[in-house]
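Below is upload-v8.cif, holding mmCIF, C-alpha atoms.
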```cif
data_final
#
loop_
_atom_site.group_PDB
_atom_site.id
_atom_site.type_symbol
_atom_site.label_atom_id
_atom_site.label_comp_id
_atom_site.auth_asym_id
_atom_site.auth_seq_id
_atom_site.Cartn_x
_atom_site.Cartn_y
_atom_site.Cartn_z
ATOM 1 C CA MET S 1 -10.922 -40.008 -30.387
ATOM 2 C CA LYS S 2 -12.282 -36.983 -32.185
ATOM 3 C CA LYS S 3 -13.074 -35.310 -28.862
ATOM 4 C CA LYS S 4 -9.402 -35.426 -27.844
ATOM 5 C CA SER S 5 -8.372 -33.453 -30.926
ATOM 6 C CA VAL S 6 -10.998 -30.787 -30.173
ATOM 7 C CA VAL S 7 -9.725 -30.401 -26.598
ATOM 8 C CA PHE S 8 -6.147 -30.382 -27.784
ATOM 9 C CA GLY S 9 -6.985 -27.768 -30.415
ATOM 10 C CA LYS S 10 -8.718 -25.469 -27.932
ATOM 11 C CA ARG S 11 -5.878 -25.772 -25.453
ATOM 12 C CA GLN S 12 -3.481 -24.942 -28.237
ATOM 13 C CA MET S 13 -5.578 -21.882 -29.103
ATOM 14 C CA VAL S 14 -5.571 -20.684 -25.494
ATOM 15 C CA LEU S 15 -1.818 -21.218 -25.189
ATOM 16 C CA ALA S 16 -1.235 -19.464 -28.515
ATOM 17 C CA LEU S 17 -3.390 -16.556 -27.381
ATOM 18 C CA LEU S 18 -1.471 -16.263 -24.139
ATOM 19 C CA ALA S 19 1.810 -16.387 -26.077
ATOM 20 C CA VAL S 20 0.589 -13.561 -28.349
ATOM 21 C CA VAL S 21 -0.422 -11.510 -25.305
ATOM 22 C CA LEU S 22 2.990 -12.087 -23.731
ATOM 23 C CA ALA S 23 4.736 -11.141 -26.974
ATOM 24 C CA GLY S 24 2.642 -7.955 -27.142
ATOM 25 C CA ALA S 25 3.580 -7.039 -23.582
ATOM 26 C CA VAL S 26 7.265 -7.634 -24.317
ATOM 27 C CA TYR S 27 7.008 -5.500 -27.471
ATOM 28 C CA LEU S 28 5.215 -2.703 -25.612
ATOM 29 C CA ASN S 29 7.824 -2.823 -22.849
ATOM 30 C CA TRP S 30 10.625 -2.716 -25.431
ATOM 31 C CA ARG S 31 8.946 0.048 -27.424
ATOM 32 C CA VAL S 32 8.295 2.309 -24.440
ATOM 33 C CA GLY S 33 11.454 1.431 -22.529
ATOM 34 C CA GLY S 34 13.772 1.105 -25.537
ATOM 35 C CA SER S 35 15.240 4.577 -25.189
ATOM 36 C CA ALA S 36 15.054 4.539 -21.424
ATOM 37 C CA GLN S 37 17.862 4.713 -18.968
ATOM 38 C CA VAL S 38 17.875 2.047 -16.297
ATOM 39 C CA SER S 39 19.336 3.021 -12.964
ATOM 40 C CA ASP S 40 19.724 0.944 -9.856
ATOM 41 C CA VAL S 41 18.349 1.786 -6.446
ATOM 42 C CA SER S 42 20.657 3.323 -3.901
ATOM 43 C CA SER S 43 23.005 0.631 -2.627
ATOM 44 C CA GLN S 44 22.560 1.895 0.943
ATOM 45 C CA VAL S 45 19.144 0.251 1.266
ATOM 46 C CA SER S 46 18.466 -3.399 0.450
ATOM 47 C CA LEU S 47 15.435 -3.187 -1.791
ATOM 48 C CA GLY S 48 15.763 -6.314 -3.869
ATOM 49 C CA ASP S 49 15.938 -6.176 -7.638
ATOM 50 C CA ALA S 50 14.035 -2.939 -8.245
ATOM 51 C CA GLN S 51 14.507 -1.314 -11.614
ATOM 52 C CA PHE S 52 13.456 2.141 -12.719
ATOM 53 C CA VAL S 53 12.788 3.197 -16.265
ATOM 54 C CA ASN S 54 12.692 6.873 -17.167
ATOM 55 C CA ALA S 55 10.852 6.820 -20.467
ATOM 56 C CA GLN S 56 10.711 9.887 -22.674
ATOM 57 C CA ALA S 57 7.348 8.879 -24.167
ATOM 58 C CA ASN S 58 3.946 10.453 -23.860
ATOM 59 C CA ASN S 59 3.157 9.184 -20.367
ATOM 60 C CA SER S 60 -0.621 9.496 -20.478
ATOM 61 C CA ALA S 61 -0.710 7.599 -23.761
ATOM 62 C CA TYR S 62 1.479 4.877 -22.262
ATOM 63 C CA PHE S 63 -0.830 4.256 -19.317
ATOM 64 C CA THR S 64 -3.941 4.380 -21.500
ATOM 65 C CA ALA S 65 -2.460 2.005 -24.081
ATOM 66 C CA ALA S 66 -1.204 -0.401 -21.416
ATOM 67 C CA ARG S 67 -4.612 -0.540 -19.714
ATOM 68 C CA THR S 68 -6.417 -1.009 -23.024
ATOM 69 C CA GLU S 69 -4.054 -3.765 -24.118
ATOM 70 C CA ARG S 70 -4.365 -5.507 -20.758
ATOM 71 C CA GLN S 71 -8.178 -5.338 -20.847
ATOM 72 C CA THR S 72 -8.365 -6.571 -24.432
ATOM 73 C CA ALA S 73 -6.017 -9.481 -23.810
ATOM 74 C CA ARG S 74 -7.835 -10.420 -20.631
ATOM 75 C CA ALA S 75 -11.257 -10.241 -22.331
ATOM 76 C CA ASP S 76 -10.029 -12.449 -25.182
ATOM 77 C CA SER S 77 -8.603 -14.981 -22.738
ATOM 78 C CA MET S 78 -11.775 -14.984 -20.651
ATOM 79 C CA ALA S 79 -13.916 -15.535 -23.760
ATOM 80 C CA GLU S 80 -11.787 -18.511 -24.821
ATOM 81 C CA LEU S 81 -11.843 -20.005 -21.340
ATOM 82 C CA LYS S 82 -15.609 -19.477 -21.049
ATOM 83 C CA GLU S 83 -16.130 -21.219 -24.372
ATOM 84 C CA ILE S 84 -14.115 -24.209 -23.196
ATOM 85 C CA ALA S 85 -15.824 -24.294 -19.794
ATOM 86 C CA GLU S 86 -19.300 -24.261 -21.332
ATOM 87 C CA ASN S 87 -18.581 -26.708 -24.157
ATOM 88 C CA LYS S 88 -20.278 -30.015 -23.263
ATOM 89 C CA SER S 89 -18.184 -31.919 -25.813
ATOM 90 C CA VAL S 90 -14.987 -31.062 -23.914
ATOM 91 C CA ASP S 91 -13.960 -33.492 -21.180
ATOM 92 C CA GLU S 92 -14.704 -32.562 -17.568
ATOM 93 C CA ASP S 93 -11.048 -32.016 -16.582
ATOM 94 C CA ALA S 94 -10.490 -29.482 -19.354
ATOM 95 C CA ARG S 95 -13.703 -27.630 -18.452
ATOM 96 C CA LYS S 96 -12.716 -27.561 -14.788
ATOM 97 C CA GLU S 97 -9.228 -26.278 -15.676
ATOM 98 C CA ALA S 98 -10.742 -23.551 -17.867
ATOM 99 C CA SER S 99 -13.053 -22.481 -15.034
ATOM 100 C CA GLU S 100 -10.137 -22.330 -12.592
ATOM 101 C CA LYS S 101 -8.076 -20.244 -15.008
ATOM 102 C CA SER S 102 -11.034 -17.871 -15.471
ATOM 103 C CA LEU S 103 -11.269 -17.399 -11.721
ATOM 104 C CA ALA S 104 -7.510 -16.809 -11.503
ATOM 105 C CA LEU S 105 -7.682 -14.146 -14.244
ATOM 106 C CA ALA S 106 -10.581 -12.408 -12.491
ATOM 107 C CA SER S 107 -8.741 -12.520 -9.175
ATOM 108 C CA ALA S 108 -5.581 -11.080 -10.770
ATOM 109 C CA ALA S 109 -7.631 -8.242 -12.304
ATOM 110 C CA ASP S 110 -9.149 -7.395 -8.913
ATOM 111 C CA THR S 111 -5.750 -7.499 -7.220
ATOM 112 C CA GLU S 112 -4.162 -5.288 -9.896
ATOM 113 C CA ALA S 113 -6.984 -2.744 -9.512
ATOM 114 C CA SER S 114 -6.580 -2.729 -5.722
ATOM 115 C CA ILE S 115 -2.833 -2.220 -5.960
ATOM 116 C CA GLU S 116 -3.248 0.605 -8.480
ATOM 117 C CA SER S 117 -5.832 2.367 -6.286
ATOM 118 C CA LEU S 118 -3.685 2.070 -3.166
ATOM 119 C CA ILE S 119 -0.577 3.358 -4.946
ATOM 120 C CA LYS S 120 -2.501 6.336 -6.367
ATOM 121 C CA ALA S 121 -3.815 7.028 -2.862
ATOM 122 C CA LYS S 122 -0.172 7.486 -1.787
ATOM 123 C CA GLY S 123 0.063 10.478 -4.132
ATOM 124 C CA PHE S 124 1.359 8.993 -7.382
ATOM 125 C CA LYS S 125 -0.220 10.570 -10.457
ATOM 126 C CA ASP S 126 -0.776 7.302 -12.305
ATOM 127 C CA CYS S 127 0.219 3.688 -12.105
ATOM 128 C CA ILE S 128 -0.367 0.289 -13.654
ATOM 129 C CA ALA S 129 0.261 -3.107 -12.085
ATOM 130 C CA VAL S 130 0.656 -6.304 -14.078
ATOM 131 C CA ILE S 131 0.647 -9.651 -12.304
ATOM 132 C CA GLY S 132 2.613 -12.441 -13.968
ATOM 133 C CA THR S 133 3.141 -16.056 -13.003
ATOM 134 C CA ASP S 134 6.366 -15.416 -11.126
ATOM 135 C CA GLY S 135 6.163 -11.771 -10.129
ATOM 136 C CA ILE S 136 4.531 -8.405 -10.517
ATOM 137 C CA SER S 137 5.567 -5.297 -12.413
ATOM 138 C CA VAL S 138 4.437 -1.885 -11.261
ATOM 139 C CA VAL S 139 4.870 1.199 -13.424
ATOM 140 C CA VAL S 140 4.369 4.536 -11.676
ATOM 141 C CA LYS S 141 4.222 8.047 -13.096
ATOM 142 C CA SER S 142 6.535 10.042 -10.921
ATOM 143 C CA GLY S 143 9.733 11.975 -10.802
ATOM 144 C CA ASP S 144 12.717 10.244 -9.278
ATOM 145 C CA LEU S 145 11.483 7.787 -6.665
ATOM 146 C CA LEU S 146 12.702 8.099 -3.119
ATOM 147 C CA ASP S 147 13.627 5.009 -1.143
ATOM 148 C CA SER S 148 10.619 5.619 1.107
ATOM 149 C CA GLN S 149 8.305 5.663 -1.925
ATOM 150 C CA ILE S 150 9.800 2.437 -3.208
ATOM 151 C CA MET S 151 9.179 0.815 0.155
ATOM 152 C CA GLN S 152 5.580 2.110 0.167
ATOM 153 C CA ILE S 153 4.946 0.525 -3.230
ATOM 154 C CA LYS S 154 6.548 -2.756 -2.179
ATOM 155 C CA ASP S 155 4.556 -2.802 1.069
ATOM 156 C CA ILE S 156 1.313 -2.298 -0.872
ATOM 157 C CA VAL S 157 2.147 -5.068 -3.341
ATOM 158 C CA MET S 158 3.214 -7.521 -0.635
ATOM 159 C CA SER S 159 0.067 -6.806 1.403
ATOM 160 C CA GLN S 160 -2.167 -7.516 -1.602
ATOM 161 C CA THR S 161 -0.285 -10.503 -3.067
ATOM 162 C CA GLU S 162 1.852 -13.426 -1.979
ATOM 163 C CA PHE S 163 4.895 -12.186 -3.911
ATOM 164 C CA ASP S 164 8.113 -11.559 -2.035
ATOM 165 C CA GLU S 165 10.224 -8.432 -2.398
ATOM 166 C CA ALA S 166 12.493 -9.999 -5.032
ATOM 167 C CA SER S 167 9.471 -10.718 -7.280
ATOM 168 C CA ILE S 168 8.433 -7.067 -7.451
ATOM 169 C CA LYS S 169 9.721 -4.901 -10.294
ATOM 170 C CA ILE S 170 9.108 -1.170 -10.057
ATOM 171 C CA MET S 171 9.459 0.989 -13.131
ATOM 172 C CA ASN S 172 9.304 4.751 -13.123
ATOM 173 C CA VAL S 173 7.924 6.747 -16.026
ATOM 174 C CA ALA S 174 9.158 10.294 -15.631
ATOM 175 C CA GLU S 175 6.592 13.068 -15.474
#
```
Can I see the file as structure tokens?
Amino acid sequence: MKKKSVVFGKRQMVLALLAVVLAGAVYLNWRVGGSAQVSDVSSQVSLGDAQFVNAQANNSAYFTAARTERQTARADSMAELKEIAENKSVDEDARKEASEKSLALASAADTEASIESLIKAKGFKDCIAVIGTDGISVVVKSGDLLDSQIMQIKDIVMSQTEFDEASIKIMNVAE
């Protein structure tokens, strides 16, 4: 019976950690985008639910801080999951679940890096992609985005993930 409480406690810690990471991402989004103006895409082209944010913040600092926060949160999550997966006192199902989540996190990191590289190859100065459970957010450093650029970004994301067009959010940080 004592083993169950250990597993339950570790799961609670992982869930709490993920909740803290999510709260941090929401705060960062609010902090950077708080004074932003949100404009909709031209109504002439059906592009889904794309949103653009023209932030008046220090853009380089934003991208650096976002990458650092993402790496730190991911490293913390991976460490917790590794601890659970390697703990012999934890039941087999919990260890297997932790291993699967570790693989999913690693896969998401690789996919985000691929998307960022491909978007930069299209001429954008900087970009960050964040994969969530039900969609992906892409922040690009650019002036006003043209419809063709939006479609390029969406094509890249859809080719690298299984998300549909409606699950892709594009945010623009002005140069």
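Distances to Ile153 in chain S were evaluated for S:Leu118, S:Ile131, S:Glu175, S:Glu83 using only C-alpha atoms, and the minimum falls at S:Leu118.
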Check your understanding: What is the distance, in Å and to one decimal place, between CA of Gly143 in chain S and CA of Phe63 in chain S?
Key -> 15.6 Å
Revision key, fill the gap. Between CA of Ala113 in chain S and CA of Lys101 in chain S lies a distance of 18.4 Å
**Study point:** Contacts of Ala104 in chain S within 12 Å, only C-alpha atoms, excl. fewer than 4 positions in-chain, as a ChimeraX atom specification
**Key:** /S:74,77-78,81,97-100,108-111,131-133
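If all atoms listed in the file are the atoms counted, then among S:Asp126, S:Ile119, S:Arg70, S:Val173 the closest residue to Met151 in chain S is S:Ile119.
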Review point. Using all atoms listed in the file, which residue out of S:Ala121, S:Glu69, S:Asp134, S:Ile115 lies closest to Asp164 in chain S?
Key: S:Asp134
Exercise for review: Point out the residue among S:Asn87, S:Ser142, S:Ser117, S:Ser137 with the least atom-to-atom distance to Ser60 in chain S, counting all atoms listed in the file.
Suggested key: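 Checking each of S:Asn87, S:Ser142, S:Ser117, S:Ser137 against Ser60 in chain S, counting all atoms listed in the file, the winner is S:Ser142.
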Review point. Using all atoms listed in the file, which residue out of S:Val157, S:Ala65, S:Cys127, S:Ala75 lies closest to Leu105 in chain S?
Key: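 Counting all atoms listed in the file, the residue closest to Leu105 in chain S is S:Ala75.
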Point to revise | Result set of the PyMOL selection byres ((chain S and resi 160) around 9) on the coordinates above, as an MDAnalysis selection string | key: chainID S and resid 111:112 114:115 155:159 161:163
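With distances restricted to all atoms listed in the file, S:Tyr62 is the closest residue to Lys141 in chain S from S:Lys169, S:Tyr62, S:Arg67, S:Arg95.
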